[in-house]
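Peer 1: One structure, as structure tokens, below. Some questions next.
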Amino acid sequence: MTGRPRPWRSRLSPRRRARDRSRFRARHLLLGCAGLLLVGAGWLLVTGLLARSELLAAQRELETARQSVITNPDESRTALSAAAEHAARARVLTTGPAWFLADALPVLGDPAETVRGAAYAADRLTRDVLPPLVRLASDVEGDTRDGEGLGTLLSRLRHAAPDLERAARATEEVRATVEALPRTSWLPTADARAELVRQVDRLTTATDDAAMAARLLPPMLGDDGPRRYFMVFQNTAESRGTGGMPGAFAVFTADHGALSFEHFGTGSELSDSLPAIELGAEFDAQYGASAPTRVWANSNLSPHFPNAARIWAATWQEHSGQRVDGVIALDPTGLGRLLDAAGPARLPDGTALTGETVSDLVLRTAYDRFQDDAERQTFLLDVARTAAATLTGALEDGERLPTLFEAGADVLGEERLKVWSALRDEQLRLETRSVSGILPEGPGPFAGLVVNNAAGGKLDYYLERRLRWTPGSCTALGRSVTVEITLSNTAPQSGLPAYVTQRGDNPDYPTQPGDNRLLVSYYASSGAVLTGAELDGRPITAHTGVERGHPVLTMDLELPAQSTQVLTLHLVEPVGEEGDRPPVLLRQPLVTPMPVTVDPYPVCG
């Protein structure tokens with residue numbers, strides 16, 4: 001039987017057909033999502049690389065702006081404008097839904113967070129941090145072109161202080177943001193983050209210093225009324241805790257930035273002054289036997305500069321009846337840096353005084369030229385007077401001010417200039433900076449080498465020091481630390497003046513000209529315990545004291561001419577919250593800077 005063909009009908013049930021349609025739609029949905037994810041990832045990769053390029057360009061311009069802010073404000077402004085454009089483009093590239101969603105993903109979102117955070121940081125640096133510094137530098141440059149001196153600069157600083165303090169706070173906020181960014185990334189952004197961290201660290205120091213200077217310099221230099229200061233020139237050819245033995249000194253007043261030197265003298269003038277000053281039982285236990293409050297040459301055995309400053313201020317008041325508002329210490333190397341910027345001068349006897357010659361002239365040549373002590377003291381006072389007149393003239397010359405301040409920053413960086421204020425609030429602010437010369441207190445790894453000359457000669461001109469700090473394994477008692485101190489006496493064995501090689505200590509053993517004797521003190525971390533000490537591999541005994549919470553390990557060493565000795569200390573140091581960071585270093589500024597090596601740091605616990 002034939003008939004019309006029947007239409008084809010699926011033998012699948014309606015439920016099966018509905019399930020197949022759902023699977024079909026789900027497959028397409030998944031494929032579509034996968035495609036969107038691929039497109040999004042590609043978009044993130046491309047825009048991330050572009051943003052990285054903009055960030056690196058912004059960071060280069062920011063570094064140019066920072067470096068030229070004092071020496072070339074016009075270049076700094078141009079670089080800041082370029083940095084702002086690059087940072088703004090980086091922020092635009094890292095905005096939008098794809099970046100917002102990627103930022104929320106765990107692990108995979110780390111690079112998005114890093115790039116977006118870095119873009120935000122760079123943008124904020126160009127808007128909130130550098131502009132006040134550039135504006136101040138531009139204003140100062142205009143003043144210097146008009147011949148204005150230090151007084152005008154102090155007014156500028158005081159006016160800019162609120163903006164500079166806001167910039168300092170903004171830098172701290174940016175620093176916290178950058179440090180919280182993920183360190184690892186599947187995008188090539190680690191280099192941009194690392195460079196930004198270094199840059200923010202440098203800017204944090206710069207803005208903090210600028211804000212501090214704006215608050216302290218105007219009142220300390222007499223913007224609110226005259227101030228009087230006692231200034232000591234430290235002779236680093238004979239080492240003392242704060243640097244060198246106190247030699248010549250000067251008294252000057254500052255009135256609205258104008259400096260007037262009232263008096264120059266030497267330690268012999270103050271030899272009969274016995275100031276009534278107490279520095280505490282700990283100080284007396286450590287230094288009392290050397291009579292630092294009664295013997296001018298021993299007044300700065302402690303590396304904690306406020307101790308020496310208070311002794312010097314009290315000594316001058318006992319001698320003259322004058323109270324001083326602060327104390328300043330400067331050594332010949334630092335003076336030379338300042339004279340490089342201030343310009344050359346000529347002594348009364350015709351000797352040229354320049355930045356290159358002053359250190360050698362004071363620390364070596366003077367002992368060859370003048371065998372008579374009185375003649376030498378007169379010559380050194382002439383050096384002090386001539387240098388003071390030259391620096392005072394430079395401070396009044398607007399054209400030389402920027403270079404002079406740049407040199408001053410270098411001197412401060414090497415800790416060759418130290419300042420103490422008799423006003424408590426100012427001193428507390430100063431103590432947050434290395435210019436205060438404080439021996440810091442508190443827990444955490446610490447390493448400091450301090451040398452005090454015990455021979456009474458001037459042989460530390462030839463002293464070389466090296467320090468190596470090696471952290472070891474961790475035990476229940478703490479971390480083992482090995483400290484290696486290398487001392488070299490490069491003095492010639494003949495040909496030096498008797499005043500340089502003299503042995504005021506009158507040793508009861510034979511010595512040769514050029515042999516030196518040193519009290520070598522190592523300042524360890526608070527709570528550290530000495531477990532052993534060797535000198536050139538042989539056991540040695542160390543005298544143990546304490547200063548401002550730090551164990552002080554002192555050894556009396558004879559260091560013959562043309563010899564090197566290696567002192568090795570073995571310690572166990574406490575491991576706390578700060579136990580896994582590198583040590584804070586105390587650097588005593590002498591003629592030759594001391595290289596310090598801190599070996600790789602294994603983490604405890």
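The way I read the labels, and the way they are meant: chains A, B, ... in the order of the structure tokens, residue 1 as the first residue of every chain, and ligand 1 as the first ligand shown, with later ones counted on from there.
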Can you pull out the residues contacting A:Leu428? Cut-off 12 Å, using only C-alpha atoms, and skip same-chain residues under 6 positions away; I want them as a VMD selection string.
Peer 2: chain A and resid 212 216 306 419 to 422 435 to 436 438
Peer 1: So that I can see what lies close to stretch 310-319 of chain A, please list as an NGL selection string the residues with an atom at most 10 Å from it, counting only C-alpha atoms and leaving out residues fewer than 2 positions away in the same chain.
Peer 2: :A and (229-232 or 246 or 249 or 251 or 269-279 or 292-294 or 296 or 299-300 or 305-308 or 321-328 or 420-422)
Peer 1: Rank nothing, just name the residue among A:Ala329, A:Thr64, A:Glu375, A:Gln286 nearest to A:Thr544, using only C-alpha atoms.
Peer 2: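 Ranking A:Ala329, A:Thr64, A:Glu375, A:Gln286 by distance to A:Thr544, first place goes to A:Gln286.
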Peer 1: Restricting the calculation to only C-alpha atoms, which member of A:Ala352, A:Ala248, A:Ala498, A:Ala213 is positioned closest to A:Ala297?
Peer 2: A:Ala248
Peer 1: Among stretch 157-337 of chain A, which residues does DSSP mark as strand (DSSP E or B) when it is run on the backbone? Keep the chain and numbering as in the structure and answer as a PyMOL selection string.
Peer 2: chain A and resi 227-240+243-255+258-265+326-330
Peer 1: Could those residues be written to a file, using N, CA and C atoms, as a compact mmCIF listing (two decimals), in the first residue's frame?
Peer 2:
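part.txt, freshly written:
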# COMPACT_ATOMS: atom_id res chain seq x y z
N ARG A 227 71.23 84.28 66.94
CA ARG A 227 71.65 83.05 67.63
C ARG A 227 73.17 83.05 67.71
N ARG A 228 73.69 82.48 68.79
CA ARG A 228 75.14 82.37 68.94
C ARG A 228 75.53 80.90 68.96
N TYR A 229 76.62 80.57 68.23
CA TYR A 229 77.07 79.17 68.12
C TYR A 229 78.55 79.04 68.43
N PHE A 230 78.88 77.89 69.01
CA PHE A 230 80.26 77.50 69.28
C PHE A 230 80.63 76.45 68.23
N MET A 231 81.67 76.71 67.46
CA MET A 231 82.04 75.83 66.35
C MET A 231 83.43 75.27 66.59
N VAL A 232 83.55 73.94 66.49
CA VAL A 232 84.82 73.25 66.73
C VAL A 232 85.30 72.61 65.44
N PHE A 233 86.60 72.80 65.16
CA PHE A 233 87.23 72.14 64.01
C PHE A 233 87.94 70.89 64.53
N GLN A 234 87.48 69.73 64.05
CA GLN A 234 88.02 68.45 64.53
C GLN A 234 89.21 68.01 63.68
N ASN A 235 90.30 67.69 64.35
CA ASN A 235 91.52 67.27 63.68
C ASN A 235 91.51 65.74 63.54
N THR A 236 91.16 65.25 62.34
CA THR A 236 91.02 63.81 62.14
C THR A 236 92.35 63.09 62.00
N ALA A 237 93.49 63.81 62.06
CA ALA A 237 94.78 63.13 62.12
C ALA A 237 95.00 62.48 63.48
N GLU A 238 94.20 62.88 64.48
CA GLU A 238 94.21 62.23 65.79
C GLU A 238 92.75 61.91 66.14
N SER A 239 92.40 60.65 66.04
CA SER A 239 90.99 60.25 66.08
C SER A 239 90.38 60.40 67.48
N ARG A 240 89.10 60.75 67.46
CA ARG A 240 88.25 60.77 68.65
C ARG A 240 86.87 60.23 68.26
N GLY A 243 84.92 61.87 65.60
CA GLY A 243 85.70 62.10 64.38
C GLY A 243 87.15 62.36 64.72
N GLY A 244 87.49 63.62 64.96
CA GLY A 244 88.86 63.98 65.28
C GLY A 244 88.96 64.75 66.59
N MET A 245 90.18 64.90 67.06
CA MET A 245 90.42 65.64 68.29
C MET A 245 89.99 67.09 68.13
N PRO A 246 89.33 67.68 69.13
CA PRO A 246 88.94 69.08 69.03
C PRO A 246 90.17 69.97 68.98
N GLY A 247 90.26 70.81 67.95
CA GLY A 247 91.41 71.70 67.79
C GLY A 247 90.99 73.14 67.95
N ALA A 248 91.12 73.90 66.86
CA ALA A 248 90.71 75.30 66.91
C ALA A 248 89.20 75.39 67.04
N PHE A 249 88.73 76.54 67.51
CA PHE A 249 87.28 76.76 67.63
C PHE A 249 86.96 78.19 67.25
N ALA A 250 85.69 78.44 67.00
CA ALA A 250 85.23 79.79 66.66
C ALA A 250 83.86 80.01 67.30
N VAL A 251 83.56 81.24 67.59
CA VAL A 251 82.24 81.63 68.09
C VAL A 251 81.66 82.62 67.09
N PHE A 252 80.42 82.37 66.65
CA PHE A 252 79.80 83.29 65.68
C PHE A 252 78.32 83.45 65.99
N THR A 253 77.77 84.54 65.49
CA THR A 253 76.33 84.78 65.61
C THR A 253 75.70 84.73 64.23
N ALA A 254 74.43 84.32 64.19
CA ALA A 254 73.64 84.31 62.96
C ALA A 254 72.43 85.20 63.18
N ASP A 255 72.26 86.16 62.28
CA ASP A 255 71.15 87.11 62.40
C ASP A 255 70.53 87.27 61.02
N ALA A 258 72.81 86.30 58.22
CA ALA A 258 74.12 86.95 58.18
C ALA A 258 74.98 86.41 59.32
N LEU A 259 76.15 85.87 58.98
CA LEU A 259 77.05 85.29 59.98
C LEU A 259 78.14 86.29 60.35
N SER A 260 78.39 86.42 61.67
CA SER A 260 79.45 87.30 62.16
C SER A 260 80.31 86.51 63.13
N PHE A 261 81.57 86.32 62.78
CA PHE A 261 82.48 85.58 63.65
C PHE A 261 83.06 86.53 64.69
N GLU A 262 82.90 86.16 65.96
CA GLU A 262 83.29 87.03 67.06
C GLU A 262 84.64 86.66 67.66
N HIS A 263 84.99 85.37 67.61
CA HIS A 263 86.19 84.94 68.34
C HIS A 263 86.73 83.65 67.72
N PHE A 264 88.06 83.55 67.65
CA PHE A 264 88.75 82.32 67.25
C PHE A 264 89.74 81.96 68.34
N GLY A 265 89.87 80.67 68.61
CA GLY A 265 90.80 80.26 69.65
C GLY A 265 91.21 78.81 69.48
N GLY A 326 73.81 76.71 70.34
CA GLY A 326 74.09 75.44 69.68
C GLY A 326 75.58 75.25 69.48
N VAL A 327 75.93 74.04 69.05
CA VAL A 327 77.32 73.68 68.80
C VAL A 327 77.41 73.01 67.43
N ILE A 328 78.47 73.34 66.69
CA ILE A 328 78.71 72.77 65.36
C ILE A 328 80.12 72.20 65.34
N ALA A 329 80.28 71.05 64.70
CA ALA A 329 81.61 70.45 64.51
C ALA A 329 81.82 70.20 63.02
N LEU A 330 83.03 70.48 62.56
CA LEU A 330 83.38 70.31 61.15
C LEU A 330 84.81 69.82 61.07
Peer 1: Skipping near chain neighbours, those fewer than 6 positions away, what residues fall within 6 Å of stretch 590-602 of chain A using only C-alpha atoms, listed as a PyMOL selection string?
Peer 2: chain A and resi 236+243+461+465-470
Peer 1: Given only C-alpha atoms as the basis, pick out the residue of A:Val483, A:Asp373, A:Ser526, A:Leu477 nearest to A:Ser268.
Peer 2: A:Asp373
